[in-house]
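Written below as structure tokens is the structure these notes are about.
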Amino acid sequence: MTSFSRLPRSSAAPPLEDDDLLSEILLCLPPQPSSLPRASVVCKRWHRLVTDPHFICRFRRHHRRNPPLLGFFNTDRGRISFQPIMEAPNRVPSGRFSLQLHDGDGLKLLGCRHGLVLFLAYQRKQVLVWDPVTDDQHRIAVPTVFYMNTTMIQAFQGGVLRADGEVHDFQVVLVAACEDDRQVLASVYSSQAGGVWGNPISAPLPPEAYTDVQFTNICMPSVLVGDSLYWPLNGNFATSSYYILEFNLERQGLAVIELPVYMSEDDTDLTAMRAEGGGLGFLFVSEADASAQLWKRKTDCDGVASWALERTIQLDKLLSLNSEVERQFLMLSGFAECNNVVFLKTWIGSFMVELESLQVKKLFETTRLWHPFESVYVVPAISKQLIYDSSESMLQSC
């Protein structure tokens with residue numbers, strides 16, 4: 001009878017006693033504001049792991065593509081305010097994000113992306129990049145080429161973004177429409193490339209552009225699709241057309257893309273967006289028939305691009321706009337690109353519509369344009385006060 005000797009036990013630590021493996025597990029917690037504070041009160045070991053600055057950077061990087069919608073930023077007479085949107089225990093207090101302003105800043109909010117907020121301080125001729133979570137601020141002088149024509153300051157727009165895998169470095173793209181020169185101008189600032197602006201890039205405006213060329217809705221922020229940023233353009237065109245301005249980050253090139261001419265109604269709002277299945281699309285909201293249409297740009301085998309209507313949403317039915325009066329004041333007030341959510345203002349209130357599921361949520365009243373703030377809310381070191389705040393919110397929600 002053959003005897004078998006007992007194999008020696010492995011000296012490897014059990015899975016949950018291995019800090020590296022436990023960190024990988026904790027990294028997969030949902031990117032909600034309450035996730036890490038809750039994990040940090042489990043035990044001292046978990047607290048040590050989730051408050052480690054290296055882990056927090058990894059957590060923010062891991063969830064960058066699917067951040068929660070924390071709320072909205074807007075400006076009113078130069079004052080910056082934050083309106084939270086999430087429910088307890090994930091609701092970030094409105095006073096948590098506070099920006100210290102300088103006299104004479106005269107800030108114009110240009111947009112939010114990747115946890116950063118971009119402002120134009122037009123009186124100081126600067127752009128301000130602010131991380132509300134860490135309160136890091138960067139004030140950057142605007143290239144003088146943008147001020148060679150004083151009328152261009154009214155047609156400024158811009159976008160801020162972080163490269164894949166980056167937490168600290170960022171890029172700013174500043175664009176302007178110049179009526180006198182009949183062109184659009186762009187320049188890129190990179191904190192990683194020595195903190196300097198790149199050479200200015202220009203592209204001609206459409207030949208039918210006459211005067212008063214500007215970015216639609218004045219403050220409608222950019223939308224990132226693939227390697228490009230997009231802004232809707234309108235103005236006093238001979239054909240009354242709408243256009244989308246594209247800035248390709250990889251090629252460092254500008255292009256002006258025409259939208260279907262028959263959609264140029266006075267009562268139409270639009271935004272660029274990522275189309276269903278990927279690629280460039282746009283959404284426009286028409287007050288005339290209380291509808292929203294989602295379009296996609298397609299390219300055939302010969303390389304010829306065209307627009308195709310993908311879907312129509314009857315907003316009067318979706319939002320229960322039952323009378324002519326309720327349908328008369330229908331406006332696009334914001335778009336959250338990561339969550340694919342559109343925000344609408346009506347006479348009966350403001351609504352958030354998830355475009356894929358068509359789920360609707362009625363929001364607070366406002367008359368201002370909203371700049372959705374999508375970010376992973378994790379402070380560099382989870383303080384006792386943050387743990388206390390989250391614990392209180394959890395208790396109140398029970």
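Going by the structure tokens order, chains are called A, B, ..., each with residues numbered from 1, while ligands are numbered from 1 in the order shown.
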>> I want to know what sits within 6 Å of range 94-103 of chain A, based on only C-alpha atoms, with residues of the same chain fewer than 4 positions away left out; could you give that as a PyMOL selection string?
In response: chain A and resi 82-84+132
Include C-alpha atoms and write out the residues we just selected as an mmCIF file, in the first residue's frame.
```cif
data_model
loop_
_atom_site.group_PDB
_atom_site.id
_atom_site.type_symbol
_atom_site.label_atom_id
_atom_site.label_comp_id
_atom_site.auth_asym_id
_atom_site.auth_seq_id
_atom_site.Cartn_x
_atom_site.Cartn_y
_atom_site.Cartn_z
ATOM 1 C CA PHE A 82 -22.174 74.582 -6.850
ATOM 2 C CA GLN A 83 -25.540 72.820 -6.822
ATOM 3 C CA PRO A 84 -25.353 69.151 -5.712
ATOM 4 C CA PRO A 132 -12.569 71.535 -6.782
#
```
>> Excluding Ala141 in chain A and its own-chain neighbours fewer than 5 positions away, which residues fall within 12 Å of it when counting only C-alpha atoms? Please give them as JSON, numbers by chain.
In response: {"A": [119, 120, 121, 122, 123, 124, 125, 126, 127, 128, 129, 146, 147, 172, 174, 189, 195, 196, 197]}
Output for the residues just chosen: C-alpha atoms as an mmCIF file, in the first residue's frame:
```
data_model
loop_
_atom_site.group_PDB
_atom_site.id
_atom_site.type_symbol
_atom_site.label_atom_id
_atom_site.label_comp_id
_atom_site.auth_asym_id
_atom_site.auth_seq_id
_atom_site.Cartn_x
_atom_site.Cartn_y
_atom_site.Cartn_z
ATOM 1 C CA PHE A 119 -12.772 79.675 -16.420
ATOM 2 C CA LEU A 120 -11.857 82.670 -18.527
ATOM 3 C CA ALA A 121 -10.802 85.635 -16.378
ATOM 4 C CA TYR A 122 -11.340 88.076 -19.205
ATOM 5 C CA GLN A 123 -10.317 91.251 -17.329
ATOM 6 C CA ARG A 124 -7.012 89.708 -16.298
ATOM 7 C CA LYS A 125 -6.574 87.980 -19.693
ATOM 8 C CA GLN A 126 -6.078 84.614 -18.014
ATOM 9 C CA VAL A 127 -7.630 81.184 -17.939
ATOM 10 C CA LEU A 128 -8.104 79.527 -14.567
ATOM 11 C CA VAL A 129 -7.991 75.742 -14.180
ATOM 12 C CA PHE A 146 -6.250 86.243 -28.999
ATOM 13 C CA TYR A 147 -6.286 89.944 -28.097
ATOM 14 C CA VAL A 172 -6.413 73.552 -22.111
ATOM 15 C CA LEU A 174 -8.755 77.867 -26.176
ATOM 16 C CA TYR A 189 -1.700 74.717 -23.354
ATOM 17 C CA GLY A 195 3.608 74.739 -19.229
ATOM 18 C CA VAL A 196 3.511 76.703 -22.502
ATOM 19 C CA TRP A 197 0.961 77.452 -25.227
#
```
>> So that I can see what lies close to Val133 in chain A, please list as a PyMOL selection string the residues with an atom at most 9 Å from it, counting only C-alpha atoms and leaving out residues fewer than 5 positions away in the same chain.
In response: chain A and resi 96-97+115-116+375-380
> In Å to one decimal, how far is CA of Arg79 in chain A from CA of Val92 in chain A?
Replying inline: 19.1 Å
> Do you know which residues are at most 10 Å from Leu29 in chain A counting only C-alpha atoms, after dropping those on the same chain fewer than 5 positions away, and could you put them as number ranges by chain?
Replying inline: A: 24, 35-36, 39, 59, 63
Go ahead and dump the residues you just picked, N, CA and C atoms, as a tab-separated table (two decimals), in the first residue's frame.
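Writing the result to part.tsv gives the following:
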```
chain	number	residue	atom	x	y	z
A	24	GLU	N	-6.46	45.89	-4.73
A	24	GLU	CA	-7.08	45.67	-6.03
A	24	GLU	C	-8.59	45.49	-5.88
A	35	SER	N	-18.18	55.78	-0.93
A	35	SER	CA	-17.56	54.45	-0.99
A	35	SER	C	-16.32	54.35	-0.11
A	36	LEU	N	-15.34	55.23	-0.31
A	36	LEU	CA	-14.10	55.12	0.46
A	36	LEU	C	-14.28	55.52	1.92
A	39	ALA	N	-15.60	52.44	3.50
A	39	ALA	CA	-14.57	51.41	3.61
A	39	ALA	C	-13.55	51.75	4.69
A	59	PHE	N	-7.39	55.15	-7.68
A	59	PHE	CA	-8.85	55.07	-7.65
A	59	PHE	C	-9.46	56.10	-8.60
A	63	HIS	N	-11.49	55.08	-12.28
A	63	HIS	CA	-12.90	55.40	-12.52
A	63	HIS	C	-13.09	56.65	-13.38
```
>> List the spatial neighbours of Gln171 in chain A as a list in words - criterion: any atom at most 9 Å away, only C-alpha atoms, same-chain residues fewer than 5 positions off excluded.
In response: Gly159, Val160, Leu161, Arg162, Ala163, Val188, Tyr189, Ser190, Ser191 and Gln192 of chain A
Dump of N, CA and C atoms for the selected residues, as a PDB file, in the first residue's frame:
```pdb
ATOM      1  N   GLY A 159     -11.864  74.313 -23.636  1.00  0.00           N
ATOM      2  CA  GLY A 159     -12.081  73.015 -23.038  1.00  0.00           C
ATOM      3  C   GLY A 159     -10.863  72.601 -22.246  1.00  0.00           C
ATOM      4  N   VAL A 160     -11.083  71.840 -21.185  1.00  0.00           N
ATOM      5  CA  VAL A 160      -9.991  71.332 -20.358  1.00  0.00           C
ATOM      6  C   VAL A 160     -10.119  69.819 -20.291  1.00  0.00           C
ATOM      7  N   LEU A 161      -8.990  69.124 -20.231  1.00  0.00           N
ATOM      8  CA  LEU A 161      -9.015  67.672 -20.183  1.00  0.00           C
ATOM      9  C   LEU A 161      -7.699  67.154 -19.644  1.00  0.00           C
ATOM     10  N   ARG A 162      -7.768  65.895 -19.179  1.00  0.00           N
ATOM     11  CA  ARG A 162      -6.572  65.186 -18.763  1.00  0.00           C
ATOM     12  C   ARG A 162      -6.338  64.036 -19.737  1.00  0.00           C
ATOM     13  N   ALA A 163      -5.069  63.722 -19.976  1.00  0.00           N
ATOM     14  CA  ALA A 163      -4.738  62.584 -20.827  1.00  0.00           C
ATOM     15  C   ALA A 163      -5.045  61.297 -20.076  1.00  0.00           C
ATOM     16  N   VAL A 188      -3.279  75.468 -27.788  1.00  0.00           N
ATOM     17  CA  VAL A 188      -3.322  74.427 -26.763  1.00  0.00           C
ATOM     18  C   VAL A 188      -2.237  74.682 -25.731  1.00  0.00           C
ATOM     19  N   TYR A 189      -2.643  74.623 -24.470  1.00  0.00           N
ATOM     20  CA  TYR A 189      -1.700  74.717 -23.354  1.00  0.00           C
ATOM     21  C   TYR A 189      -1.551  73.330 -22.740  1.00  0.00           C
ATOM     22  N   SER A 190      -0.315  72.922 -22.480  1.00  0.00           N
ATOM     23  CA  SER A 190      -0.058  71.627 -21.858  1.00  0.00           C
ATOM     24  C   SER A 190       0.806  71.838 -20.624  1.00  0.00           C
ATOM     25  N   SER A 191       0.297  71.395 -19.471  1.00  0.00           N
ATOM     26  CA  SER A 191       1.088  71.499 -18.248  1.00  0.00           C
ATOM     27  C   SER A 191       2.269  70.533 -18.276  1.00  0.00           C
ATOM     28  N   GLN A 192       2.155  69.485 -19.081  1.00  0.00           N
ATOM     29  CA  GLN A 192       3.201  68.478 -19.162  1.00  0.00           C
ATOM     30  C   GLN A 192       4.327  68.909 -20.089  1.00  0.00           C
TER      31      GLN A 192
END
```
> So which bits of range 20-188 of chain A end up strand (DSSP E) when you DSSP the backbone, as an NGL selection string?
Replying inline: :A and (69-76 or 79-84 or 107-113 or 116-121 or 126-131 or 136-141 or 156-161 or 171-178 or 183-188)
> In range 22-217 of chain A, what's helix (DSSP H, G or I) per DSSP? Answer as a PyMOL selection string?
Replying inline: chain A and resi 22-27+35-40+44-50+53-62+144-147+150-155
